[in-house]
Amino acid sequence: MTRLFVIIGMDREFSPENQEIDDSGGMTQEMIMMKNQEWQLDPIDFSKVPNGKLKRHLKGLVGKPTRIKVTNLPLKKGLGYRAMGKTANGRKLRAAWRAGTRRNEIKNKDIVHEPYDEAVRRRQGASRVHIELLLPPMKGSKELPSLVYDVVVERGAVNPEAIITRNKGKVTIYPRGYMNKSDKIDVGDAQVSMPLKSGIVDPAWARGRIIFRKGRPVGQV
């Protein structure tokens, strides 16, 4: 099973030392299952961002859940496929996604010694998703900060036609862009999931039930 990477940002060059990136441009089975679906990225732990100016910049853009929709439209130079990002206030972000190679895997006998999210992320055969938000520059700067989510996706256990996230995303900030890794900041984990919609309930069934007696609209839970 291969790993899957999702990138939100703009076309960029990748150096040979980026072993986690597969620049073959191929679409894996997991990518085929994910295309044309909308995903939600929860906000990060801003208390772990040491730079006050950068923290305010991030809060203004991704202080609330951000959504992306992936497609099968290829980017230039085999750098993956296009996607569309949108912040909570409706601001659009350029996006792309691609498949990646395995790295830093843990042997099955050693997996019980790792924290859950890390064990899921590094276990043998895990299919990983790498999501990068390429943010606009801060005031007075031309450099584009990047916010990267690293999460594992798999087929559903009950419904094999479904695709689900298996753990929280490990989040890293690159203040000067993804290619400048010397000053990267690890900010812990954040959830990556498919956004849930309101459940529709039969109004006749809902009438008179306690759950709908405190101001909830009939027909929705």
# chains A, B, ... in the order shown; residues from 1 in each chain; ligands from 1
$ residues_around --residues "Leu73 (chain A)" --least-positions-apart "4" --cutoff "9 Å" --atoms "only C-alpha atoms" --output "number ranges by chain"
A: 80-83
$ write_last_selection --atoms "N, CA and C atoms" --output "short mmCIF file (atom, residue, chain, number, x, y, z; two decimals), in the first residue's frame"
data_model
loop_
_atom_site.label_atom_id
_atom_site.label_comp_id
_atom_site.auth_asym_id
_atom_site.auth_seq_id
_atom_site.Cartn_x
_atom_site.Cartn_y
_atom_site.Cartn_z
N GLY A 80 1.81 16.52 -9.12
CA GLY A 80 0.59 16.09 -8.47
C GLY A 80 -0.64 16.63 -9.18
N TYR A 81 -1.71 16.84 -8.41
CA TYR A 81 -2.99 17.23 -8.96
C TYR A 81 -3.56 18.44 -8.22
N ARG A 82 -4.41 19.17 -8.91
CA ARG A 82 -4.96 20.40 -8.34
C ARG A 82 -6.04 20.12 -7.30
N ALA A 83 -6.19 21.07 -6.40
CA ALA A 83 -7.26 21.05 -5.41
C ALA A 83 -7.68 22.49 -5.14
#
$ residues_around --residues "region 36-49 of chain A" --least-positions-apart "4" --cutoff "9 Å" --atoms "only C-alpha atoms" --output "MDAnalysis selection string"
chainID A and resid 32 54:56 58:59 62:72 83 131 149 169 171 173 185:195
$ atom_distance --atom1 "CA of Pro175 (chain A)" --atom2 "CA of Pro137 (chain A)"
9.5 Å
$ select_by_dssp --residues "region 31-148 of chain A" --states "strand (DSSP E or B)" --output "ChimeraX atom specification"
/A:38-41,66-74,81-86,92-100,106,123,128-134,146-148
$ select_by_dssp --residues "region 53-183 of chain A" --states "helix (DSSP H, G or I)" --output "ChimeraX atom specification"
/A:53-62,76-78,108-113,116-122
$ decode --residues "region 150-177 of chain A" --atoms "N, CA, C and O atoms" --output "compact mmCIF listing (two decimals), in the first residue's frame"
# COMPACT_ATOMS: atom_id res chain seq x y z
N ASP A 150 0.10 16.15 8.21
CA ASP A 150 0.52 14.81 7.80
C ASP A 150 -0.40 13.79 8.47
O ASP A 150 -0.37 13.64 9.70
N VAL A 151 -1.24 13.09 7.71
CA VAL A 151 -2.25 12.20 8.28
C VAL A 151 -2.34 10.92 7.46
O VAL A 151 -1.99 10.88 6.29
N VAL A 152 -2.80 9.84 8.10
CA VAL A 152 -2.95 8.53 7.44
C VAL A 152 -4.41 8.34 7.01
O VAL A 152 -5.34 8.62 7.77
N VAL A 153 -4.61 7.87 5.77
CA VAL A 153 -5.95 7.56 5.27
C VAL A 153 -6.01 6.09 4.88
O VAL A 153 -5.02 5.51 4.43
N GLU A 154 -7.19 5.47 5.05
CA GLU A 154 -7.38 4.07 4.70
C GLU A 154 -8.82 3.85 4.24
O GLU A 154 -9.69 4.67 4.46
N ARG A 155 -9.05 2.68 3.66
CA ARG A 155 -10.41 2.27 3.33
C ARG A 155 -11.19 2.00 4.61
O ARG A 155 -10.61 1.61 5.62
N GLY A 156 -12.49 2.20 4.58
CA GLY A 156 -13.31 1.91 5.74
C GLY A 156 -13.37 0.42 6.03
O GLY A 156 -13.37 -0.40 5.10
N ALA A 157 -13.42 0.05 7.32
CA ALA A 157 -13.47 -1.36 7.70
C ALA A 157 -14.83 -1.98 7.38
O ALA A 157 -14.92 -3.13 6.98
N VAL A 158 -15.91 -1.20 7.57
CA VAL A 158 -17.26 -1.69 7.29
C VAL A 158 -17.62 -1.50 5.83
O VAL A 158 -18.15 -2.40 5.18
N ASN A 159 -17.30 -0.32 5.29
CA ASN A 159 -17.58 -0.01 3.89
C ASN A 159 -16.26 0.20 3.15
O ASN A 159 -15.65 1.26 3.26
N PRO A 160 -15.79 -0.80 2.39
CA PRO A 160 -14.49 -0.68 1.71
C PRO A 160 -14.47 0.38 0.62
O PRO A 160 -13.40 0.72 0.12
N GLU A 161 -15.64 0.90 0.24
CA GLU A 161 -15.69 1.95 -0.77
C GLU A 161 -15.50 3.33 -0.16
O GLU A 161 -15.39 4.32 -0.87
N ALA A 162 -15.46 3.39 1.17
CA ALA A 162 -15.26 4.66 1.87
C ALA A 162 -13.78 4.89 2.15
O ALA A 162 -13.00 3.94 2.22
N ILE A 163 -13.38 6.14 2.32
CA ILE A 163 -12.01 6.50 2.67
C ILE A 163 -12.07 7.33 3.96
O ILE A 163 -12.88 8.25 4.06
N ILE A 164 -11.27 6.98 4.97
CA ILE A 164 -11.33 7.64 6.26
C ILE A 164 -9.92 8.01 6.72
O ILE A 164 -8.93 7.45 6.26
N THR A 165 -9.83 8.95 7.66
CA THR A 165 -8.56 9.26 8.29
C THR A 165 -8.40 8.36 9.51
O THR A 165 -9.36 8.14 10.25
N ARG A 166 -7.19 7.87 9.74
CA ARG A 166 -6.94 6.91 10.81
C ARG A 166 -6.37 7.57 12.06
O ARG A 166 -6.38 6.98 13.14
N ASN A 167 -5.86 8.79 11.95
CA ASN A 167 -5.27 9.47 13.11
C ASN A 167 -5.35 10.98 12.91
O ASN A 167 -5.78 11.46 11.86
N LYS A 168 -4.94 11.71 13.93
CA LYS A 168 -4.85 13.16 13.79
C LYS A 168 -3.65 13.52 12.92
O LYS A 168 -2.69 12.76 12.82
N GLY A 169 -3.71 14.68 12.28
CA GLY A 169 -2.61 15.11 11.44
C GLY A 169 -1.49 15.75 12.24
O GLY A 169 -1.76 16.56 13.13
N LYS A 170 -0.27 15.37 11.97
CA LYS A 170 0.89 16.02 12.57
C LYS A 170 1.14 17.31 11.80
O LYS A 170 1.32 17.29 10.59
N VAL A 171 1.17 18.45 12.51
CA VAL A 171 1.21 19.75 11.84
C VAL A 171 2.58 20.41 12.00
O VAL A 171 3.12 20.45 13.11
N THR A 172 3.11 20.93 10.89
CA THR A 172 4.39 21.64 10.89
C THR A 172 4.23 22.96 10.14
O THR A 172 3.57 23.02 9.10
N ILE A 173 4.82 24.01 10.68
CA ILE A 173 4.81 25.32 10.03
C ILE A 173 6.19 25.59 9.43
O ILE A 173 7.21 25.38 10.08
N TYR A 174 6.20 26.07 8.19
CA TYR A 174 7.42 26.50 7.52
C TYR A 174 7.30 28.00 7.25
O TYR A 174 6.68 28.40 6.27
N PRO A 175 7.83 28.85 8.13
CA PRO A 175 7.62 30.30 8.03
C PRO A 175 8.07 30.90 6.70
O PRO A 175 7.50 31.90 6.25
N ARG A 176 9.09 30.31 6.06
CA ARG A 176 9.59 30.85 4.78
C ARG A 176 9.26 29.95 3.60
O ARG A 176 9.86 30.05 2.55
N GLY A 177 8.29 29.08 3.78
CA GLY A 177 7.89 28.19 2.70
C GLY A 177 8.42 26.78 2.88
O GLY A 177 9.37 26.54 3.63
